[in-house]
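This is run13.cif (mmCIF, C-alpha atoms).
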data_coords
#
loop_
_atom_site.group_PDB
_atom_site.id
_atom_site.type_symbol
_atom_site.label_atom_id
_atom_site.label_comp_id
_atom_site.auth_asym_id
_atom_site.auth_seq_id
_atom_site.Cartn_x
_atom_site.Cartn_y
_atom_site.Cartn_z
ATOM 1 C CA MET F 338 14.373 -59.516 15.413
ATOM 2 C CA GLN F 339 14.914 -57.138 18.334
ATOM 3 C CA LYS F 340 14.041 -54.215 16.083
ATOM 4 C CA ILE F 341 10.765 -55.858 15.051
ATOM 5 C CA LYS F 342 10.013 -56.705 18.678
ATOM 6 C CA GLY F 343 10.659 -53.099 19.670
ATOM 7 C CA MET F 344 8.357 -51.810 16.919
ATOM 8 C CA TRP F 345 5.625 -54.178 18.059
ATOM 9 C CA GLU F 346 5.966 -53.127 21.688
ATOM 10 C CA ARG F 347 5.728 -49.440 20.731
ATOM 11 C CA CYS F 348 2.660 -50.177 18.604
ATOM 12 C CA ARG F 349 1.121 -52.188 21.446
ATOM 13 C CA ASP F 350 1.721 -49.409 23.947
ATOM 14 C CA SER F 351 0.391 -46.630 21.714
ATOM 15 C CA HIS F 352 -2.512 -48.577 20.154
ATOM 16 C CA PRO F 353 -3.444 -51.356 22.617
ATOM 17 C CA VAL F 354 -6.853 -52.144 21.103
ATOM 18 C CA ALA F 355 -5.534 -52.411 17.537
ATOM 19 C CA ALA F 356 -2.539 -54.431 18.726
ATOM 20 C CA LYS F 357 -4.836 -56.850 20.537
ATOM 21 C CA TRP F 358 -6.906 -57.402 17.386
ATOM 22 C CA ILE F 359 -3.757 -57.913 15.311
ATOM 23 C CA ARG F 360 -2.307 -60.433 17.770
ATOM 24 C CA GLU F 361 -5.561 -62.363 18.111
ATOM 25 C CA GLY F 362 -6.302 -62.206 14.393
ATOM 26 C CA GLY F 363 -2.832 -63.424 13.425
ATOM 27 C CA LEU F 364 -2.842 -66.309 15.882
ATOM 28 C CA TYR F 365 -6.426 -67.134 14.955
ATOM 29 C CA VAL F 366 -5.586 -67.478 11.247
ATOM 30 C CA VAL F 367 -2.533 -69.657 11.982
ATOM 31 C CA VAL F 368 -4.478 -72.001 14.274
ATOM 32 C CA CYS F 369 -7.445 -72.221 11.878
ATOM 33 C CA ASN F 370 -5.192 -73.091 8.953
ATOM 34 C CA LEU F 371 -3.454 -75.822 10.949
ATOM 35 C CA ILE F 372 -6.849 -77.261 11.924
ATOM 36 C CA THR F 373 -7.984 -77.072 8.286
ATOM 37 C CA VAL F 374 -4.979 -79.161 7.196
ATOM 38 C CA PHE F 375 -5.750 -81.626 9.990
ATOM 39 C CA LYS F 376 -9.379 -81.905 8.819
ATOM 40 C CA TYR F 377 -8.231 -82.516 5.252
ATOM 41 C CA ILE F 378 -5.988 -85.388 6.362
ATOM 42 C CA LEU F 379 -8.855 -86.908 8.335
ATOM 43 C CA LEU F 380 -11.224 -86.521 5.403
ATOM 44 C CA GLN F 381 -8.799 -88.359 3.141
ATOM 45 C CA PHE F 382 -8.743 -91.508 5.269
ATOM 46 C CA LEU F 383 -11.967 -91.579 7.303
ATOM 47 C CA PRO F 384 -14.216 -92.565 4.345
ATOM 48 C CA LEU F 385 -12.312 -95.872 4.230
ATOM 49 C CA ALA F 386 -13.353 -96.552 7.823
ATOM 50 C CA PHE F 387 -17.027 -96.277 6.837
ATOM 51 C CA ALA F 388 -16.769 -98.044 3.476
ATOM 52 C CA LYS F 389 -18.825 -101.004 4.765
ATOM 53 C CA LEU F 390 -21.804 -98.839 5.640
ATOM 54 C CA PRO F 391 -24.699 -99.046 3.157
ATOM 55 C CA LEU F 392 -24.374 -96.492 0.372
ATOM 56 C CA VAL F 393 -27.792 -94.908 0.780
ATOM 57 C CA ASP F 394 -29.210 -91.403 0.636
ATOM 58 C CA PHE F 395 -28.731 -89.733 3.988
ATOM 59 C CA GLY F 396 -29.767 -86.124 4.109
ATOM 60 C CA TRP F 397 -32.446 -83.476 4.495
ATOM 61 C CA PRO F 398 -34.396 -81.984 2.760
ATOM 62 C CA GLY F 399 -33.198 -83.858 -0.370
ATOM 63 C CA ILE F 400 -34.375 -81.344 -3.008
ATOM 64 C CA GLN F 401 -33.434 -82.482 -6.526
ATOM 65 C CA ILE F 402 -31.263 -79.952 -8.390
ATOM 66 C CA THR F 403 -29.536 -80.106 -11.785
ATOM 67 C CA LEU F 404 -26.350 -78.093 -12.387
ATOM 68 C CA PHE F 405 -23.985 -78.456 -15.372
ATOM 69 C CA GLY F 406 -25.874 -81.586 -16.390
ATOM 70 C CA GLU F 407 -25.434 -83.221 -12.969
ATOM 71 C CA THR F 408 -28.578 -84.030 -10.971
ATOM 72 C CA PHE F 409 -28.159 -84.353 -7.220
ATOM 73 C CA ALA F 410 -30.043 -83.935 -3.961
ATOM 74 C CA TRP F 411 -29.463 -80.610 -2.202
ATOM 75 C CA ASN F 412 -29.283 -81.109 1.544
ATOM 76 C CA ILE F 413 -28.788 -78.787 4.476
ATOM 77 C CA LEU F 414 -27.401 -81.804 6.277
ATOM 78 C CA GLY F 415 -26.193 -85.000 4.627
ATOM 79 C CA TYR F 416 -25.477 -86.274 1.097
ATOM 80 C CA ASP F 417 -27.218 -88.385 -1.523
ATOM 81 C CA SER F 418 -25.929 -91.864 -2.349
ATOM 82 C CA GLN F 419 -24.439 -90.729 -5.650
ATOM 83 C CA HIS F 420 -22.120 -88.330 -3.827
ATOM 84 C CA GLY F 421 -21.100 -90.258 -0.767
ATOM 85 C CA GLY F 422 -24.357 -90.847 1.076
ATOM 86 C CA LEU F 423 -24.208 -92.152 4.629
ATOM 87 C CA PRO F 424 -20.498 -93.226 4.606
ATOM 88 C CA TYR F 425 -19.247 -89.824 3.429
ATOM 89 C CA PHE F 426 -21.553 -87.973 5.822
ATOM 90 C CA CYS F 427 -20.176 -89.954 8.780
ATOM 91 C CA ALA F 428 -16.586 -89.303 7.690
ATOM 92 C CA TYR F 429 -17.276 -85.607 7.059
ATOM 93 C CA MET F 430 -18.988 -85.008 10.400
ATOM 94 C CA ILE F 431 -16.323 -86.830 12.406
ATOM 95 C CA ALA F 432 -13.543 -84.915 10.631
ATOM 96 C CA MET F 433 -15.267 -81.586 11.315
ATOM 97 C CA PHE F 434 -16.158 -82.460 14.921
ATOM 98 C CA VAL F 435 -12.696 -83.760 15.847
ATOM 99 C CA GLY F 436 -11.153 -80.706 14.222
ATOM 100 C CA GLU F 437 -13.307 -78.355 16.306
ATOM 101 C CA CYS F 438 -12.568 -80.356 19.470
ATOM 102 C CA CYS F 439 -8.915 -79.485 18.855
ATOM 103 C CA ASN F 440 -9.731 -75.946 17.770
ATOM 104 C CA PHE F 441 -11.797 -75.008 20.832
ATOM 105 C CA PRO F 442 -9.063 -75.326 23.519
ATOM 106 C CA LEU F 443 -6.463 -73.722 21.263
ATOM 107 C CA GLN F 444 -8.681 -70.706 20.579
ATOM 108 C CA ARG F 445 -9.766 -70.429 24.209
ATOM 109 C CA ASN F 446 -6.385 -70.846 25.881
ATOM 110 C CA VAL F 447 -3.838 -69.672 23.306
ATOM 111 C CA VAL F 448 -5.509 -67.127 21.021
ATOM 112 C CA PHE F 449 -8.032 -65.407 23.291
ATOM 113 C CA LYS F 450 -6.511 -66.409 26.655
ATOM 114 C CA SER F 451 -9.929 -66.741 28.230
ATOM 115 C CA LYS F 452 -10.589 -68.065 31.721
ATOM 116 C CA GLY F 453 -14.375 -67.909 31.591
ATOM 117 C CA ASN F 454 -16.850 -70.681 32.382
ATOM 118 C CA ILE F 455 -15.764 -73.534 30.112
ATOM 119 C CA VAL F 456 -19.188 -75.235 30.191
ATOM 120 C CA TYR F 457 -20.951 -72.031 29.089
ATOM 121 C CA GLN F 458 -18.336 -71.358 26.418
ATOM 122 C CA GLY F 459 -18.366 -74.944 25.196
ATOM 123 C CA ALA F 460 -22.170 -74.963 24.909
ATOM 124 C CA TRP F 461 -22.207 -71.793 22.800
ATOM 125 C CA TYR F 462 -19.306 -73.083 20.695
ATOM 126 C CA LEU F 463 -21.292 -76.276 20.020
ATOM 127 C CA VAL F 464 -24.366 -74.269 19.001
ATOM 128 C CA ALA F 465 -22.237 -72.180 16.627
ATOM 129 C CA PHE F 466 -20.636 -75.365 15.240
ATOM 130 C CA CYS F 467 -24.065 -76.890 14.482
ATOM 131 C CA ILE F 468 -25.309 -73.752 12.723
ATOM 132 C CA ILE F 469 -22.105 -73.286 10.718
ATOM 133 C CA THR F 470 -22.065 -76.988 9.780
ATOM 134 C CA CYS F 471 -25.559 -76.693 8.285
ATOM 135 C CA ILE F 472 -24.546 -73.600 6.315
ATOM 136 C CA VAL F 473 -21.333 -75.183 5.035
ATOM 137 C CA ASN F 474 -22.936 -78.558 4.267
ATOM 138 C CA SER F 475 -25.664 -76.913 2.192
ATOM 139 C CA ILE F 476 -22.918 -75.378 0.034
ATOM 140 C CA ASN F 477 -20.592 -78.370 0.138
ATOM 141 C CA CYS F 478 -23.135 -80.810 -1.284
ATOM 142 C CA ILE F 479 -23.311 -78.588 -4.398
ATOM 143 C CA TRP F 480 -19.515 -78.363 -4.562
ATOM 144 C CA ILE F 481 -19.045 -82.138 -4.319
ATOM 145 C CA ALA F 482 -21.626 -82.845 -7.016
ATOM 146 C CA VAL F 483 -20.176 -80.340 -9.491
ATOM 147 C CA ALA F 484 -16.469 -80.757 -8.699
ATOM 148 C CA GLY F 485 -16.824 -84.550 -8.715
ATOM 149 C CA MET F 486 -17.581 -84.353 -12.435
ATOM 150 C CA PHE F 487 -14.159 -82.927 -13.214
ATOM 151 C CA VAL F 488 -11.639 -83.871 -10.501
ATOM 152 C CA PRO F 489 -10.884 -86.880 -8.240
ATOM 153 C CA ASP F 490 -11.893 -86.963 -4.597
ATOM 154 C CA PHE F 491 -8.520 -85.910 -3.167
ATOM 155 C CA ILE F 492 -8.831 -82.668 -5.145
ATOM 156 C CA TYR F 493 -12.408 -81.782 -4.238
ATOM 157 C CA ASN F 494 -11.681 -82.676 -0.608
ATOM 158 C CA ILE F 495 -9.236 -79.758 -0.639
ATOM 159 C CA GLY F 496 -12.101 -77.522 -1.703
ATOM 160 C CA THR F 497 -14.307 -79.053 0.965
ATOM 161 C CA THR F 498 -11.864 -78.334 3.771
ATOM 162 C CA VAL F 499 -10.987 -74.867 2.448
ATOM 163 C CA LEU F 500 -14.691 -74.033 2.121
ATOM 164 C CA ASN F 501 -15.432 -75.322 5.587
ATOM 165 C CA GLY F 502 -12.354 -73.680 7.071
ATOM 166 C CA GLY F 503 -12.906 -70.353 5.315
ATOM 167 C CA ILE F 504 -16.553 -69.885 6.251
ATOM 168 C CA SER F 505 -16.013 -71.263 9.743
ATOM 169 C CA MET F 506 -12.971 -69.062 10.256
ATOM 170 C CA VAL F 507 -14.826 -65.834 9.490
ATOM 171 C CA ILE F 508 -17.948 -66.648 11.526
ATOM 172 C CA PHE F 509 -16.133 -68.300 14.426
ATOM 173 C CA PHE F 510 -13.803 -65.321 14.897
ATOM 174 C CA PHE F 511 -16.704 -63.071 15.891
ATOM 175 C CA VAL F 512 -18.361 -65.881 17.850
ATOM 176 C CA ASN F 513 -15.121 -66.403 19.754
ATOM 177 C CA LYS F 514 -14.785 -62.680 20.469
ATOM 178 C CA ILE F 515 -18.159 -62.934 22.225
ATOM 179 C CA ILE F 516 -17.835 -66.220 24.102
ATOM 180 C CA PHE F 517 -14.171 -65.693 25.021
ATOM 181 C CA PRO F 518 -14.338 -62.186 26.556
ATOM 182 C CA GLU F 519 -11.278 -60.293 27.642
ATOM 183 C CA GLU F 520 -10.521 -60.915 31.302
ATOM 184 C CA GLN F 521 -10.156 -58.001 33.675
ATOM 185 C CA SER F 522 -6.722 -57.755 35.164
ATOM 186 C CA GLY F 523 -6.142 -57.611 38.888
ATOM 187 C CA THR F 524 -4.923 -54.010 38.561
ATOM 188 C CA ASP F 525 -8.202 -52.947 36.976
ATOM 189 C CA CYS F 526 -10.151 -54.600 39.801
ATOM 190 C CA ARG F 527 -8.087 -52.834 42.448
ATOM 191 C CA ILE F 528 -8.597 -49.487 40.732
ATOM 192 C CA ASP F 529 -12.383 -50.063 40.574
ATOM 193 C CA VAL F 530 -12.499 -50.930 44.281
ATOM 194 C CA SER F 531 -10.442 -47.872 45.172
ATOM 195 C CA ILE F 532 -12.798 -45.599 43.255
ATOM 196 C CA GLU F 533 -15.842 -47.113 44.996
ATOM 197 C CA ASP F 534 -14.204 -46.721 48.428
ATOM 198 C CA TYR F 535 -13.353 -43.108 47.628
ATOM 199 C CA ALA F 536 -16.948 -42.375 46.585
ATOM 200 C CA ARG F 537 -18.333 -43.869 49.794
ATOM 201 C CA ASN F 538 -15.946 -41.869 51.928
ATOM 202 C CA GLN F 539 -17.067 -38.670 50.268
#
Kindly return the structure encoded in the file as structure tokens.
Amino acid sequence: MQKIKGMWERCRDSHPVAAKWIREGGLYVVVCNLITVFKYILLQFLPLAFAKLPLVDFGWPGIQITLFGETFAWNILGYDSQHGGLPYFCAYMIAMFVGECCNFPLQRNVVFKSKGNIVYQGAWYLVAFCIITCIVNSINCIWIAVAGMFVPDFIYNIGTTVLNGGISMVIFFFVNKIIFPEEQSGTDCRIDVSIEDYARNQ
């Protein structure tokens, strides 16, 4: 273990930028996978909580598509009644939202160690979440319709969470690199001030 630690420290000292990307990327993947498992667990049980809601079409734009003999409504947001409708949409959105509410502080504080304006960062994270949710949902409604023909719900829910987690993980990494910028250290600030003072004195 000490040997590995020493190798990492040498790599970090000689290639600080690459080491930073490796550390952030590794932690990011671990955290995202843990959140994906958490979302899957939620998605297994939350539909039961909404079972009493009316099973009606709830989605937009509701374009009728037929794939592999299965006709369903393609939606950017929501699902038709044949594939979950309003109850599944509520369960899906809550699972995704709660998962990201856990993901946001972990990414901000643990992975990227950011101390920026949390309101600004949270607002941009929410915007990214809404956009990514629409992208993923538009794919997921196709997946549910087709996979539901061959496998039970606990199997296609794995695909749902992996799909959501995979796409979100790739897009959110670059979003997070932007909204969670690297903080300047106190040493850097002191050096900058010293340079400015020197220039003025000249």
With all atoms listed in the file counted and 6 Å as the cut-off, give the residues of range 364-476 of chain F in contact with range 497-515 of chain F, each with its shortest interatomic distance in Å and the pair that gives it, as JSON lines.
{"residue": "F:Thr373", "atom": "CA", "partner": "F:Gly502", "partner_atom": "CA", "distance": 5.7}
{"residue": "F:Tyr377", "atom": "CA", "partner": "F:Thr498", "partner_atom": "CA", "distance": 5.7}
{"residue": "F:Val473", "atom": "CA", "partner": "F:Asn501", "partner_atom": "CA", "distance": 5.9}
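The coordinates place CA of Gln381 in chain F at 18.3 Å from CA of Met486 in chain F.
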- Message: Under the PyMOL selection byres ((chain F and resi 407-420) around 10), which residues of this model are included? Write them out as a ChimeraX atom specification.
- Response: /F:391-406,421-427,429-430,470-479,481-483,485-486
- For the atom pair CA of Val435 in chain F and CA of Phe375 in chain F, what is the interatomic distance in Å to one decimal place? 9.3 Å
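The interatomic distance for the pair CA of Cys438 in chain F and CA of Val354 in chain F works out to 28.8 Å.
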- For this file, the PyMOL selection byres ((chain F and resi 443-449) around 9) selects which residues, as a list in words?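 That expression, the PyMOL selection byres ((chain F and resi 443-449) around 9), corresponds here to Arg360, Glu361, Gly362, Gly363, Leu364, Tyr365, Val368, Cys369, Cys439, Asn440, Phe441, Pro442, Lys450, Ser451, Lys452, Ile455, Gln458, Asn513, Lys514, Phe517, Pro518 and Glu519 of chain F.
Residue nearest Asn494 in chain F within the list F:Trp358, F:Leu390, F:Ala432, F:Gly459: F:Ala432 [criterion: smallest interatomic distance, only C-alpha atoms].
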- Pick from F:Leu463, F:Ile431, F:Val374, F:Ala386: nearest to Gly496 in chain F, with only C-alpha atoms counted?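 Among the listed residues, the smallest separation from Gly496 in chain F belongs to F:Val374.
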- Task: Return the single residue from F:Ile359, F:Leu379, F:Ser351, F:Ile516 that is closest to Ala460 in chain F, with distances computed using all atoms listed in the file.
- Result: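 Ranked by minimum distance to Ala460 in chain F, first place goes to F:Ile516.
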